[in-house]
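**Q** One structure follows; several queries about it will come next.
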Amino acid sequence: MLISGIASIASAQPGCLVFAADAGKLEDALRSAATAIIAGQFAGNVNSTKPILVARNPKLAFARVSRLFSQAEHRQGHHASAQVHPSAVIGARTWVGSNVVVDENARVGEGSSLESNCVIAAGVTVGCDCRIGPNVTIHSGTSLGDRVRVQAGTVLGSAGFGYVPDERGHYHLFPQIGRLIIEDDVEIGANCTIDRGALDATVIRRGAKLDNMVHVGHNVEVGENVVIAAQTGISGSSVIEANAIIGGQVGIADHVRIGAGAILGAQSGVPSNKVVRGNGIVFWGTPARPIKDYLKQLAVLARLSRQKEK
Amino acid sequence: MLISGIASIASAQPGCLVFAADAGKLEDALRSAATAIIAGQFAGNVNSTKPILVARNPKLAFARVSRLFSQAEHRQGHHASAQVHPSAVIGARTWVGSNVVVDENARVGEGSSLESNCVIAAGVTVGCDCRIGPNVTIHSGTSLGDRVRVQAGTVLGSAGFGYVPDERGHYHLFPQIGRLIIEDDVEIGANCTIDRGALDATVIRRGAKLDNMVHVGHNVEVGENVVIAAQTGISGSSVIEANAIIGGQVGIADHVRIGAGAILGAQSGVPSNKVVRGNGIVFWGTPARPIKDYLKQLAVLARLSRQKEK
Amino acid sequence: MLISGIASIASAQPGCLVFAADAGKLEDALRSAATAIIAGQFAGNVNSTKPILVARNPKLAFARVSRLFSQAEHRQGHHASAQVHPSAVIGARTWVGSNVVVDENARVGEGSSLESNCVIAAGVTVGCDCRIGPNVTIHSGTSLGDRVRVQAGTVLGSAGFGYVPDERGHYHLFPQIGRLIIEDDVEIGANCTIDRGALDATVIRRGAKLDNMVHVGHNVEVGENVVIAAQTGISGSSVIEANAIIGGQVGIADHVRIGAGAILGAQSGVPSNKVVRGNGIVFWGTPARPIKDYLKQLAVLARLSRQKEK
């Protein structure tokens, strides 16, 4: 039977491929309506009429296979309502949706999609095989590498938040004219905001993944393969080194450095100018400290509070 | 005199209806320029030339009456600049505003409004009497019940944040192809993001109300009549049972269960896999604990800190 | 040599103006390719072939000079794809970009820009020399003063989050029909949401600056020259008095008053009905307390936790 799609074990129909993360899930998968299964080494001895593909990392194999199905959906063509400036250069095999705006001298690489109502400002560069969602805004001064995905409503290259007070306490905008550089394979969620540099650049390095509503301030550098969960904010000039993992609703103040591979638990906060180091070490709380210290402090506080009660 | 609108007591003009929450406010209302008043039982003996409608819950009565005025404003018609795919089905008495995009096989029920520049992707279902705000994006795989209101800039059905790392630490997107189901009478604020399920569904049940900038991750279930204040985030696969009240800037990690009727104070945080139970009990802090415990802990800490000072 | 632009010292090319904040930076600037330098009094004795402009506050002088370069870029004209209602009044020297929607009786003042795909609803007033970014939504009932800047994706005048529960626990929307008044020189970041008043008005006073993803609830008053960093939320009916400085991810509950000149550290939280006073005093934590008390409490907790260890 032909495999026509992927599914969860619970919702699988005939024609579906599913994956089993462990032996228990494999039993569920065998009982399901799925036609084929990706499983791990633990499936070696199983007797079944269903084809089982054994992979070292079944979830990873499943994720890779699923790409084959989604690529089939790539639309091509330019909708008549799109407003593409004559000086813009749009590559082959692209999709330019309804009411898309592509301004002067913007460049969009081969195989990229610009979904409905997104705005690509003058001089922006979008690489090949990118996916730019509906209602996205990409401001001048921004360049995207290849295979970058930007979800709906996100704003790239906005002016950063830098003001200089005068003697009367009035605030004057410091120039926000730097660039925003987004490297290959970066994926950005919905309704994020990433500011351009003030005079230099904001940089999101290769392979970084940002969830929804993440805010990145001016002159920030987000390293390779960094993962940032939803609603986290990073203030100006901070650096997140490669492979760090940042939880949701984390606040990173300005001029902070988060070391390679460090892990910040959800809602933690790192004050200005701090350095957080430790590959694989989890930090939590505000101000962020090693989680074992933080949990001990919480325990001490709970104990003292109970003592007082007696 | 004809009642032509509603107002606060402070701003009431002749022709306005106001409400009084208590006897003091009723005095203010009687002195105001308002033409009529909704008040509670406390208005029973009041002598006045102004008509007073006595209701058990005057604020609720006022809210209900105000609907009559706002319904009068419902626009109808399809703006010439809207891009509606020929296969889309649009019901009677609808408003389709400027630059609205309605893609293949989408369905929009009777009496619904699609405001300017919103995008309804292929296959989306919008029920009857819905209000979809400007610049909203509704992705494929999403269905909305009746009387759903979605405010400007909100993104429904975005791809969730699920990645599988390979042996080199590169992240691969886990398929995010599930559905998003939004039931009747749900109201969603501005600039929210609600992700579709990964393989199964994200569900927002009947009557739930979400404030602005709320993030709901993939496979989450938000129960009936749940209320969620602004900037709260809910991670993947968590369940909020019916009638829970979630404050602003709350963080709920993945695979959490918030019991029916529980109340989470603003900025509180619930770690992964936790269960929070207690109808009508308020929880606060990170990790969230019953508010009386939390306040006691804060008091103990303040006391110890003052002792040290001496 | 003609000055053709501004730059950082690190990236300066011939023709660039840079600024030096101190004597060390001045040395860097002198060695750079920059053509001219703005510096402080400390530059008085320096011998250089480069012209040095000495200012009391070199950063402020640089910010002011940079305006001269950005004003040159102001576009004028109305794009053919814009949907401007015949009853709308658009001033001279304006830019109305692609797919912009300006509805009935809206008014836009001289010299203002409406960027691509933004929506100006019926009856909205936009003053002179305003900059309204792409994909912005401005709802009916909103008025903007002069020189207001609103960045991409922001929603102004959304309906606030006010519900009245009935006897069955169903929520009914309280009318949200008040105004939103934004005074002169206010600047608002990307993807913010500012709700209109319920019956009266939400007001953002002259010169206030809001970073990205700031949420302002109904009936809030933000005072003159208040600064609010990214991802902060302010609940209904709270008042922030003039010159207060609010950090990022701060949560301010409803009916709070933040006194003139008070400073709230990042991620701090102010519970309902509280008053926070103290010009120039920094508050931190949730509930927010003077930072010296909070730091002392953190230190006590860390010490107790270490003692327990022994």
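Chain identifiers are assigned as A, B, and so on, following the order in which chains appear in the structure tokens; residues are numbered from 1 within each chain, and ligands are numbered from 1 in order of appearance.
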Determine, counting only C-alpha atoms, which protein, DNA and RNA residues have an atom within 9 Å of an atom of region 37-47 of chain C; residues of the same chain fewer than 2 positions away are not included. Present the result as a list in words.

**A**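 So, after excluding close chain neighbours, the residues are Cys16, Leu17, Val18, Phe19, Ala20, Ala21, Asp22, Ala23, Leu26, Ala29, Leu30, Ala34, Thr35, Thr49, Lys50, Pro51, Ile52, Leu53, Val54, Ala55, Arg56, Asn57, Pro58, Lys59, Ala61 and Phe62 of chain C.
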
**Q** Select, as a PyMOL selection string, those residues of chain A with any atom no more than 6 Å from chain B (distances computed using only C-alpha atoms).

**A** chain A and resi 7-8+60+63+211+305

**Q** Let's see if you can do this: from backbone DSSP, list all strand (DSSP E or B) residues in region 85-280 of chain A, as a PyMOL selection string.

**A** chain A and resi 89-90+95-96+101-102+107-108+113-114+119-120+125-126+131-132+137-138+142-144+149-150+155-158+163-165+171-173+179-182+187-188+193-195+201-204+209-210+215-216+221-222+227-228+233-234+239-240+245-246+251-252+257-258+263-264+269-270+275-276

**Q** DSSP says helix (DSSP H, G or I) for which residues of region 47-106 of chain B? Put them as an NGL selection string?

**A** :B and (58-71)

**Q** I want to know what sits within 12 Å of Gly261 (chain C), based on only C-alpha atoms, with residues of the same chain fewer than 4 positions away left out; could you give that as a list in words?

**A**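 That gives Gly169 of chain A; Gly223, Glu224, Asn225, Val226, Val227, Ile240, Glu241, Ala242, Asn243, Ala244, Ile245, Ile246, Arg257, Val276, Arg277, Gly278, Asn279, Gly280, Ile281, Val282 and Phe283 of chain C.
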